[in-house]
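Trainee: Got a structure for you, final12.json, holding JSON, C-alpha atoms.
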```json
[["chain", "number", "residue", "atom", "x", "y", "z"],
["A", 1, "MET", "CA", -23.94, -28.30, 52.08],
["A", 2, "ASP", "CA", -20.60, -29.05, 50.44],
["A", 3, "ALA", "CA", -19.18, -25.99, 48.72],
["A", 4, "VAL", "CA", -17.57, -28.17, 46.04],
["A", 5, "ILE", "CA", -19.11, -31.43, 44.89],
["A", 6, "VAL", "CA", -17.28, -34.09, 42.88],
["A", 7, "GLU", "CA", -19.15, -36.75, 40.94],
["A", 8, "ILE", "CA", -17.32, -39.50, 39.05],
["A", 9, "ARG", "CA", -18.91, -40.56, 35.77],
["A", 10, "ASP", "CA", -16.92, -43.48, 34.35],
["A", 11, "ASP", "CA", -13.42, -42.01, 34.30],
["A", 12, "ILE", "CA", -14.46, -38.33, 34.18],
["A", 13, "ALA", "CA", -14.69, -36.22, 37.34],
["A", 14, "VAL", "CA", -17.38, -33.54, 37.34],
["A", 15, "LEU", "CA", -16.34, -30.84, 39.81],
["A", 16, "ARG", "CA", -19.21, -28.51, 40.64],
["A", 17, "LEU", "CA", -19.06, -25.25, 42.58],
["A", 18, "ASN", "CA", -22.03, -25.47, 44.89],
["A", 19, "GLN", "CA", -22.95, -22.19, 46.55],
["A", 20, "PRO", "CA", -25.75, -20.95, 44.27],
["A", 21, "GLN", "CA", -26.95, -18.42, 46.85],
["A", 22, "THR", "CA", -23.83, -16.37, 46.03],
["A", 23, "MET", "CA", -23.68, -17.40, 42.36],
["A", 24, "ASN", "CA", -20.82, -19.76, 43.26],
["A", 25, "ALA", "CA", -18.46, -16.88, 44.07],
["A", 26, "LEU", "CA", -15.07, -18.07, 45.25],
["A", 27, "SER", "CA", -15.75, -18.13, 48.97],
["A", 28, "ALA", "CA", -13.23, -19.45, 51.46],
["A", 29, "ALA", "CA", -15.14, -22.76, 51.44],
["A", 30, "ILE", "CA", -15.08, -23.09, 47.66],
["A", 31, "LYS", "CA", -11.39, -22.22, 47.54],
["A", 32, "ARG", "CA", -10.66, -24.85, 50.20],
["A", 33, "GLY", "CA", -12.60, -27.34, 48.09],
["A", 34, "LEU", "CA", -10.57, -26.49, 45.00],
["A", 35, "GLU", "CA", -7.32, -26.65, 46.98],
["A", 36, "THR", "CA", -8.28, -30.18, 48.06],
["A", 37, "GLU", "CA", -10.03, -31.63, 45.02],
["A", 38, "VAL", "CA", -7.92, -30.33, 42.13],
["A", 39, "PRO", "CA", -4.68, -32.02, 43.25],
["A", 40, "ARG", "CA", -6.57, -35.15, 44.32],
["A", 41, "LEU", "CA", -8.29, -35.56, 40.96],
["A", 42, "LEU", "CA", -5.16, -34.82, 38.97],
["A", 43, "ALA", "CA", -3.26, -37.44, 40.99],
["A", 44, "ASP", "CA", -5.99, -40.09, 40.70],
["A", 45, "ARG", "CA", -4.98, -42.36, 37.81],
["A", 46, "ALA", "CA", -8.53, -43.62, 37.46],
["A", 47, "VAL", "CA", -9.62, -40.08, 36.49],
["A", 48, "ARG", "CA", -8.75, -39.26, 32.88],
["A", 49, "GLY", "CA", -10.50, -35.91, 32.54],
["A", 50, "ILE", "CA", -12.21, -33.19, 34.58],
["A", 51, "VAL", "CA", -15.33, -31.12, 33.89],
["A", 52, "ILE", "CA", -15.78, -27.96, 35.98],
["A", 53, "THR", "CA", -19.21, -26.34, 36.26],
["A", 54, "GLY", "CA", -21.44, -24.41, 38.64],
["A", 55, "THR", "CA", -24.73, -25.08, 40.39],
["A", 56, "ASP", "CA", -27.94, -23.52, 39.07],
["A", 57, "LYS", "CA", -27.76, -20.27, 37.09],
["A", 58, "ALA", "CA", -24.12, -19.24, 37.47],
["A", 59, "PHE", "CA", -20.76, -20.76, 36.66],
["A", 60, "CYS", "CA", -18.88, -18.49, 39.07],
["A", 61, "ALA", "CA", -19.55, -14.84, 39.81],
["A", 62, "GLY", "CA", -15.95, -14.08, 40.82],
["A", 63, "GLY", "CA", -14.38, -13.47, 44.19],
["A", 64, "ASP", "CA", -16.40, -13.39, 47.39],
["A", 65, "ILE", "CA", -16.31, -9.75, 48.51],
["A", 66, "THR", "CA", -17.26, -10.74, 52.06],
["A", 67, "ASN", "CA", -14.02, -12.74, 52.22],
["A", 68, "MET", "CA", -11.87, -9.68, 51.55],
["A", 69, "ALA", "CA", -12.11, -7.79, 54.83],
["A", 70, "ASP", "CA", -8.32, -7.81, 55.26],
["A", 71, "ARG", "CA", -7.10, -5.89, 52.21],
["A", 72, "SER", "CA", -3.52, -5.37, 53.36],
["A", 73, "ALA", "CA", -0.91, -6.19, 50.73],
["A", 74, "PRO", "CA", 0.55, -9.18, 52.67],
["A", 75, "SER", "CA", -2.92, -10.69, 53.18],
["A", 76, "VAL", "CA", -3.93, -10.28, 49.54],
["A", 77, "ARG", "CA", -0.68, -11.81, 48.32],
["A", 78, "GLU", "CA", -1.03, -14.73, 50.72],
["A", 79, "ARG", "CA", -4.59, -15.44, 49.54],
["A", 80, "LEU", "CA", -3.53, -15.34, 45.92],
["A", 81, "HIS", "CA", -0.51, -17.56, 46.49],
["A", 82, "GLN", "CA", -2.79, -20.13, 48.12],
["A", 83, "SER", "CA", -5.08, -20.07, 45.08],
["A", 84, "HIS", "CA", -2.14, -20.15, 42.69],
["A", 85, "ALA", "CA", -1.31, -23.64, 43.90],
["A", 86, "TRP", "CA", -4.43, -25.14, 42.29],
["A", 87, "VAL", "CA", -4.38, -22.66, 39.38],
["A", 88, "LYS", "CA", -0.92, -23.91, 38.39],
["A", 89, "LEU", "CA", -2.12, -27.49, 38.57],
["A", 90, "LEU", "CA", -5.08, -26.85, 36.26],
["A", 91, "LEU", "CA", -2.92, -24.91, 33.81],
["A", 92, "ALA", "CA", -0.02, -27.36, 33.73],
["A", 93, "GLY", "CA", -1.63, -30.69, 34.63],
["A", 94, "GLU", "CA", -1.61, -33.28, 31.86],
["A", 95, "LYS", "CA", -5.27, -34.26, 32.14],
["A", 96, "PRO", "CA", -7.77, -32.42, 29.91],
["A", 97, "VAL", "CA", -9.98, -29.98, 31.78],
["A", 98, "VAL", "CA", -13.31, -28.84, 30.32],
["A", 99, "ALA", "CA", -15.20, -25.81, 31.64],
["A", 100, "ALA", "CA", -18.98, -26.23, 31.31],
["A", 101, "VAL", "CA", -20.04, -22.60, 31.64],
["A", 102, "ASN", "CA", -23.68, -22.70, 32.68],
["A", 103, "GLY", "CA", -24.23, -18.99, 33.30],
["A", 104, "ALA", "CA", -22.27, -15.98, 34.51],
["A", 105, "ALA", "CA", -18.49, -16.33, 34.40],
["A", 106, "ALA", "CA", -17.38, -13.05, 35.92],
["A", 107, "GLY", "CA", -14.18, -11.86, 37.56],
["A", 108, "ALA", "CA", -12.33, -14.84, 38.99],
["A", 109, "GLY", "CA", -15.03, -17.02, 37.43],
["A", 110, "PHE", "CA", -13.91, -15.73, 34.04],
["A", 111, "SER", "CA", -10.36, -16.62, 35.10],
["A", 112, "LEU", "CA", -11.48, -20.12, 36.10],
["A", 113, "ALA", "CA", -13.09, -20.72, 32.71],
["A", 114, "MET", "CA", -10.04, -19.49, 30.78],
["A", 115, "MET", "CA", -7.58, -21.66, 32.71],
["A", 116, "CYS", "CA", -9.37, -24.75, 31.40],
["A", 117, "ASP", "CA", -8.29, -26.48, 28.19],
["A", 118, "PHE", "CA", -11.76, -26.41, 26.61],
["A", 119, "VAL", "CA", -14.71, -24.10, 27.25],
["A", 120, "VAL", "CA", -18.20, -25.39, 26.46],
["A", 121, "ALA", "CA", -20.66, -22.56, 27.06],
["A", 122, "ALA", "CA", -24.43, -22.67, 27.40],
["A", 123, "ASP", "CA", -26.16, -20.35, 24.96],
["A", 124, "ASN", "CA", -27.30, -18.17, 27.88],
["A", 125, "ALA", "CA", -23.84, -17.91, 29.45],
["A", 126, "TYR", "CA", -21.78, -14.74, 29.49],
["A", 127, "PHE", "CA", -18.27, -13.62, 30.38],
["A", 128, "GLN", "CA", -17.26, -10.38, 32.10],
["A", 129, "ALA", "CA", -13.99, -9.24, 33.61],
["A", 130, "GLY", "CA", -15.58, -7.58, 36.63],
["A", 131, "PHE", "CA", -12.27, -6.34, 38.02],
["A", 132, "PRO", "CA", -12.50, -2.74, 36.66],
["A", 133, "GLY", "CA", -15.87, -2.31, 38.34],
["A", 134, "LEU", "CA", -14.18, -2.92, 41.70],
["A", 135, "GLY", "CA", -10.98, -1.05, 40.98],
["A", 136, "ALA", "CA", -9.05, -4.33, 41.06],
["A", 137, "ALA", "CA", -6.50, -5.91, 38.74],
["A", 138, "PRO", "CA", -7.18, -9.22, 36.97],
["A", 139, "ASP", "CA", -6.11, -12.28, 38.91],
["A", 140, "LEU", "CA", -5.95, -16.08, 38.84],
["A", 141, "GLY", "CA", -3.99, -15.88, 35.60],
["A", 142, "LEU", "CA", -6.59, -14.10, 33.46],
["A", 143, "ALA", "CA", -4.15, -11.52, 32.07],
["A", 144, "LEU", "CA", -2.03, -14.48, 30.91],
["A", 145, "THR", "CA", -4.67, -16.86, 29.57],
["A", 146, "LEU", "CA", -7.01, -14.36, 27.90],
["A", 147, "PRO", "CA", -4.50, -12.70, 25.52],
["A", 148, "ARG", "CA", -3.27, -16.15, 24.53],
["A", 149, "ALA", "CA", -6.81, -17.05, 23.58],
["A", 150, "VAL", "CA", -8.04, -13.86, 21.90],
["A", 151, "GLY", "CA", -4.98, -11.66, 21.26],
["A", 152, "MET", "CA", -3.72, -8.62, 23.11],
["A", 153, "LEU", "CA", -6.05, -5.97, 21.66],
["A", 154, "ARG", "CA", -9.18, -7.97, 22.39],
["A", 155, "ALA", "CA", -7.91, -8.85, 25.86],
["A", 156, "LYS", "CA", -7.42, -5.15, 26.61],
["A", 157, "ASP", "CA", -10.95, -4.47, 25.40],
["A", 158, "LEU", "CA", -12.43, -7.08, 27.73],
["A", 159, "LEU", "CA", -10.22, -6.46, 30.76],
["A", 160, "MET", "CA", -10.29, -2.66, 30.67],
["A", 161, "THR", "CA", -13.82, -1.79, 29.52],
["A", 162, "ASN", "CA", -15.54, -4.43, 31.67],
["A", 163, "ARG", "CA", -18.13, -5.09, 29.00],
["A", 164, "ARG", "CA", -20.20, -8.26, 28.99],
["A", 165, "VAL", "CA", -19.49, -10.87, 26.29],
["A", 166, "THR", "CA", -22.22, -13.24, 25.15],
["A", 167, "ALA", "CA", -21.58, -16.91, 24.55],
["A", 168, "GLU", "CA", -21.81, -16.42, 20.78],
["A", 169, "GLU", "CA", -19.26, -13.60, 20.80],
["A", 170, "ALA", "CA", -17.02, -15.69, 23.05],
["A", 171, "LEU", "CA", -17.14, -18.45, 20.44],
["A", 172, "MET", "CA", -16.36, -16.02, 17.63],
["A", 173, "TRP", "CA", -13.40, -14.55, 19.54],
["A", 174, "GLY", "CA", -11.91, -17.90, 20.56],
["A", 175, "MET", "CA", -12.83, -17.81, 24.25],
["A", 176, "ALA", "CA", -15.24, -20.72, 23.91],
["A", 177, "THR", "CA", -14.70, -24.06, 22.22],
["A", 178, "ARG", "CA", -18.38, -24.47, 21.43],
["A", 179, "VAL", "CA", -21.79, -23.08, 22.39],
["A", 180, "VAL", "CA", -24.67, -25.44, 23.08],
["A", 181, "PRO", "CA", -28.27, -25.19, 24.33],
["A", 182, "ALA", "CA", -28.34, -24.80, 28.10],
["A", 183, "ALA", "CA", -30.28, -28.04, 28.54],
["A", 184, "SER", "CA", -27.55, -30.08, 26.85],
["A", 185, "LEU", "CA", -24.52, -28.36, 28.42],
["A", 186, "ILE", "CA", -23.39, -31.13, 30.78],
["A", 187, "PRO", "CA", -23.99, -33.98, 28.30],
["A", 188, "GLU", "CA", -22.00, -32.06, 25.66],
["A", 189, "ALA", "CA", -19.17, -31.27, 28.07],
["A", 190, "LEU", "CA", -19.07, -34.88, 29.26],
["A", 191, "ALA", "CA", -19.05, -36.18, 25.70],
["A", 192, "LEU", "CA", -16.06, -33.97, 24.91],
["A", 193, "ALA", "CA", -14.22, -35.02, 28.07],
["A", 194, "GLN", "CA", -14.96, -38.70, 27.39],
["A", 195, "SER", "CA", -13.70, -38.46, 23.81],
["A", 196, "LEU", "CA", -10.45, -37.01, 25.16],
["A", 197, "ALA", "CA", -10.27, -39.65, 27.88],
["A", 198, "ALA", "CA", -10.48, -42.33, 25.20],
["A", 199, "GLY", "CA", -7.47, -40.83, 23.43],
["A", 200, "PRO", "CA", -3.73, -41.23, 24.07],
["A", 201, "ALA", "CA", -3.26, -39.67, 27.50],
["A", 202, "THR", "CA", 0.53, -39.39, 27.17],
["A", 203, "SER", "CA", 0.31, -37.67, 23.79],
["A", 204, "LEU", "CA", -2.42, -35.27, 24.90],
["A", 205, "GLY", "CA", -0.58, -34.38, 28.11],
["A", 206, "LEU", "CA", 2.65, -33.73, 26.20],
["A", 207, "THR", "CA", 0.76, -31.63, 23.66],
["A", 208, "LYS", "CA", -0.68, -29.48, 26.47],
["A", 209, "SER", "CA", 2.81, -29.08, 27.93],
["A", 210, "LEU", "CA", 4.21, -27.95, 24.57],
["A", 211, "LEU", "CA", 1.38, -25.48, 24.02],
["A", 212, "ASN", "CA", 2.06, -23.98, 27.44],
["A", 213, "GLN", "CA", 5.60, -23.25, 26.22],
["A", 214, "ALA", "CA", 4.58, -21.78, 22.87],
["A", 215, "TYR", "CA", 5.94, -18.35, 23.86],
["A", 216, "ASN", "CA", 9.40, -19.59, 24.78],
["A", 217, "SER", "CA", 12.36, -18.67, 22.60],
["A", 218, "ILE", "CA", 12.56, -20.71, 19.39],
["A", 219, "PRO", "CA", 15.67, -22.69, 20.45],
["A", 220, "ASP", "CA", 14.21, -23.48, 23.88],
["A", 221, "PHE", "CA", 10.90, -24.52, 22.37],
["A", 222, "LEU", "CA", 12.47, -26.80, 19.75],
["A", 223, "ASN", "CA", 14.67, -28.44, 22.38],
["A", 224, "GLU", "CA", 11.56, -29.10, 24.46],
["A", 225, "GLU", "CA", 9.74, -30.41, 21.38],
["A", 226, "ALA", "CA", 12.54, -32.92, 20.69],
["A", 227, "MET", "CA", 12.44, -34.17, 24.29],
["A", 228, "THR", "CA", 8.66, -34.36, 24.25],
["A", 229, "GLN", "CA", 8.54, -36.38, 21.04],
["A", 230, "ALA", "CA", 11.21, -38.75, 22.38],
["A", 231, "ILE", "CA", 8.94, -39.45, 25.37],
["A", 232, "ALA", "CA", 5.90, -39.92, 23.13],
["A", 233, "PHE", "CA", 7.69, -42.34, 20.78],
["A", 234, "GLY", "CA", 8.73, -44.42, 23.78],
["A", 235, "SER", "CA", 5.20, -44.79, 25.14],
["A", 236, "GLU", "CA", 2.96, -47.85, 24.95],
["A", 237, "GLU", "CA", 0.31, -45.64, 23.40],
["A", 238, "PHE", "CA", 2.58, -44.86, 20.44],
["A", 239, "ASP", "CA", 3.18, -48.58, 20.00],
["A", 240, "GLU", "CA", -0.59, -49.11, 19.91],
["A", 241, "GLY", "CA", -1.09, -46.23, 17.50],
["A", 242, "VAL", "CA", 1.49, -47.59, 15.06],
["A", 243, "ALA", "CA", 0.14, -51.14, 15.34],
["A", 244, "ALA", "CA", -3.39, -49.89, 14.69],
["A", 245, "PHE", "CA", -2.28, -47.84, 11.69],
["A", 246, "LEU", "CA", -0.42, -50.77, 10.14],
["A", 247, "GLY", "CA", -3.28, -53.12, 10.98],
["A", 248, "LYS", "CA", -5.84, -50.71, 9.51],
["A", 249, "ARG", "CA", -7.90, -50.66, 12.70],
["A", 250, "LYS", "CA", -8.93, -48.09, 15.29],
["A", 251, "PRO", "CA", -6.39, -47.71, 18.12],
["A", 252, "GLN", "CA", -7.42, -48.72, 21.62],
["A", 253, "PHE", "CA", -5.71, -46.20, 23.87],
["A", 254, "ARG", "CA", -8.02, -46.25, 26.84],
["A", 255, "ARG", "CA", -6.79, -47.85, 30.05],
["A", 256, "ARG", "CA", -9.25, -49.51, 32.41],
["A", 257, "GLY", "CA", -8.93, -48.18, 35.94],
["A", 258, "PRO", "CA", -5.70, -47.28, 37.72],
["A", 259, "ALA", "CA", -2.46, -48.28, 36.03]]
```
Can I see the file as structure tokens?
Mentor:
Amino acid sequence: MDAVIVEIRDDIAVLRLNQPQTMNALSAAIKRGLETEVPRLLADRAVRGIVITGTDKAFCAGGDITNMADRSAPSVRERLHQSHAWVKLLLAGEKPVVAAVNGAAAGAGFSLAMMCDFVVAADNAYFQAGFPGLGAAPDLGLALTLPRAVGMLRAKDLLMTNRRVTAEEALMWGMATRVVPAASLIPEALALAQSLAAGPATSLGLTKSLLNQAYNSIPDFLNEEAMTQAIAFGSEEFDEGVAAFLGKRKPQFRRRGPA
């Protein structure tokens, strides 16, 4: 059984962690699948958005404890650096990434959800840091992404007390984009991804890049903003947007297939 399954629906890739017997914990096989599929999908010009979800009752229950026999510092650092390759791509890639959280998002699964651009959670989903229960530190970027989403005090609460957060509280705190009935999770996540895919890909990618630099110094950020807008104004999509505005019609940004 493939540890990671990819299904293409129109121009959206649904990437599904597929080891339900371990609640889709990040086993060596799942990590290999992410290392392969994330760069492939981000490089595929026919794919304009990605939805990440889990099989059955869990999104991802965190790291696979059975895969951590070698706990020496060099081994741990090497494993994390390998994972950081695809983490960086999800965080910085220009394509929109939607997490469809279908159940438990714990430990590294919490990290995986928070590195996505949008989080659609089933009403029975929950989020939990997990790391304090093992005596571990947060990883896969969670101590970076979580405070940016909820603020430092709330991030400390979640990462240091290890308490479980319901989907509704996650929505209230800004960890989830929306909460939907479990039965409609994938359709809702796909609809969101497809609406983004129909938008101006250059503009959305540049917007994500700017948001990732929101904590730079003011001069550095404004310099980057000027460069970003220069790129956007020079794009075919901006030409279409202006023409549609002047023509009082809806813009047609979506490309058909690979460019």
Trainee: Taking all atoms listed in the file into account, name the residue in A:Gly33, A:Gly54, A:Pro181, A:Gly205 that is nearest to Val4 (chain A).
Mentor: A:Gly33
Trainee: Choose the residue, out of A:Leu34, A:Phe110, A:Asp117, A:Asn124, that has the smallest atom-to-atom separation from Ala143 (chain A); count all atoms listed in the file.
Mentor: A:Phe110
Trainee: Considering only C-alpha atoms, return as a list in words whatever protein or nucleic-acid residues lie within 12 Å of Ala43 (chain A), sequence-local ones (same chain, fewer than 4 positions apart) excluded.
Mentor: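 Near neighbours after the sequence-gap exclusion: Thr36, Glu37, Val38, Pro39, Val47, Arg48, Gly49, Ile50, Leu89, Leu90, Gly93, Glu94, Lys95, Pro258 and Ala259 of chain A.
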Trainee: Excluding Ala167 (chain A) and any residue of its chain fewer than 5 positions from it, enumerate the residues within 12 Å of it, using all atoms listed in the file, and give them as a list of chain:residue names.
Mentor: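 Once the adjacent positions are removed, what remains is A:Ala100, A:Val101, A:Asn102, A:Gly103, A:Ala104, A:Ala105, A:Val119, A:Val120, A:Ala121, A:Ala122, A:Asp123, A:Asn124, A:Ala125, A:Tyr126, A:Phe127, A:Gln128, A:Met172, A:Trp173, A:Gly174, A:Met175, A:Ala176, A:Thr177, A:Arg178, A:Val179, A:Val180, A:Pro181, A:Ala182.
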Trainee: What's around region 153-164 of chain A at 9 Å? Count only C-alpha atoms, leave out sequence neighbours fewer than 5 positions away in its own chain, and write the answer as a count of residues only.
Mentor: 17
Trainee: Any idea what the distance is between CA of Leu17 (chain A) and CA of Thr53 (chain A)?
Mentor: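 It comes out at 6.4 Å.
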Trainee: Find, counting only C-alpha atoms, the residue in A:Ala183, A:Ala61, A:Ala191, A:Ile52 that gets nearest to Asn24 (chain A).
Mentor: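 Going through A:Ala183, A:Ala61, A:Ala191, A:Ile52 one by one, the smallest distance to Asn24 (chain A) is for A:Ala61.
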Trainee: Find the residue from A:Val87, A:Met23, A:Ala149, A:Leu185 that sits nearest to Ala99 (chain A); use only C-alpha atoms when measuring.
Mentor: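 Checking each candidate against Ala99 (chain A), we get A:Leu185 as the closest.
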Trainee: In Å, with one decimal, what is the gap from CA of Gln82 (chain A) to CA of Gly109 (chain A)?
Mentor: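 Atom-to-atom, CA of Gln82 (chain A) to CA of Gly109 (chain A), that is 16.5 Å.
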Trainee: What is the CA of Gln194 (chain A)-CA of Ile12 (chain A) distance in Å, reported with one decimal?
Mentor: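 Answer for the CA of Gln194 (chain A) to CA of Ile12 (chain A) separation: 6.8 Å.
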Trainee: Closest to Ala170 (chain A) among A:Val98, A:Met114, A:Met1, A:Leu26, using only C-alpha atoms?
Mentor: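 Ranked by minimum distance to Ala170 (chain A), first place goes to A:Met114.
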Trainee: In terms of the shortest atom-to-atom distance over all atoms listed in the file, which of A:Asn212, A:Glu7, A:Thr202, A:Gln252 is closest to Phe233 (chain A)?
Mentor: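 Going through A:Asn212, A:Glu7, A:Thr202, A:Gln252 one by one, the smallest distance to Phe233 (chain A) is for A:Thr202.
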Trainee: Please identify all polymer residues within 12 Å of region 223-225 of chain A, counting all atoms listed in the file, omitting same-chain residues fewer than 2 positions from it, and present them as a list in words.
Mentor: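 Here the answer would be Leu206, Thr207, Lys208, Ser209, Leu210, Leu211, Asn212, Gln213, Ala214, Asn216, Ser217, Ile218, Pro219, Asp220, Phe221, Met227, Thr228, Gln229, Ala230, Ile231 and Ala232 of chain A.
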Trainee: Keeping only C-alpha atoms, write those residues as a PDB file, in the frame of the given file.
Mentor:
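Below you can see part_21.pdb, which holds the result:
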```
ATOM      1  CA  LEU A 206       2.650 -33.730  26.200  1.00  0.00           C
ATOM      2  CA  THR A 207       0.760 -31.630  23.660  1.00  0.00           C
ATOM      3  CA  LYS A 208      -0.680 -29.480  26.470  1.00  0.00           C
ATOM      4  CA  SER A 209       2.810 -29.080  27.930  1.00  0.00           C
ATOM      5  CA  LEU A 210       4.210 -27.950  24.570  1.00  0.00           C
ATOM      6  CA  LEU A 211       1.380 -25.480  24.020  1.00  0.00           C
ATOM      7  CA  ASN A 212       2.060 -23.980  27.440  1.00  0.00           C
ATOM      8  CA  GLN A 213       5.600 -23.250  26.220  1.00  0.00           C
ATOM      9  CA  ALA A 214       4.580 -21.780  22.870  1.00  0.00           C
ATOM     10  CA  ASN A 216       9.400 -19.590  24.780  1.00  0.00           C
ATOM     11  CA  SER A 217      12.360 -18.670  22.600  1.00  0.00           C
ATOM     12  CA  ILE A 218      12.560 -20.710  19.390  1.00  0.00           C
ATOM     13  CA  PRO A 219      15.670 -22.690  20.450  1.00  0.00           C
ATOM     14  CA  ASP A 220      14.210 -23.480  23.880  1.00  0.00           C
ATOM     15  CA  PHE A 221      10.900 -24.520  22.370  1.00  0.00           C
ATOM     16  CA  MET A 227      12.440 -34.170  24.290  1.00  0.00           C
ATOM     17  CA  THR A 228       8.660 -34.360  24.250  1.00  0.00           C
ATOM     18  CA  GLN A 229       8.540 -36.380  21.040  1.00  0.00           C
ATOM     19  CA  ALA A 230      11.210 -38.750  22.380  1.00  0.00           C
ATOM     20  CA  ILE A 231       8.940 -39.450  25.370  1.00  0.00           C
ATOM     21  CA  ALA A 232       5.900 -39.920  23.130  1.00  0.00           C
TER      22      ALA A 232
END
```
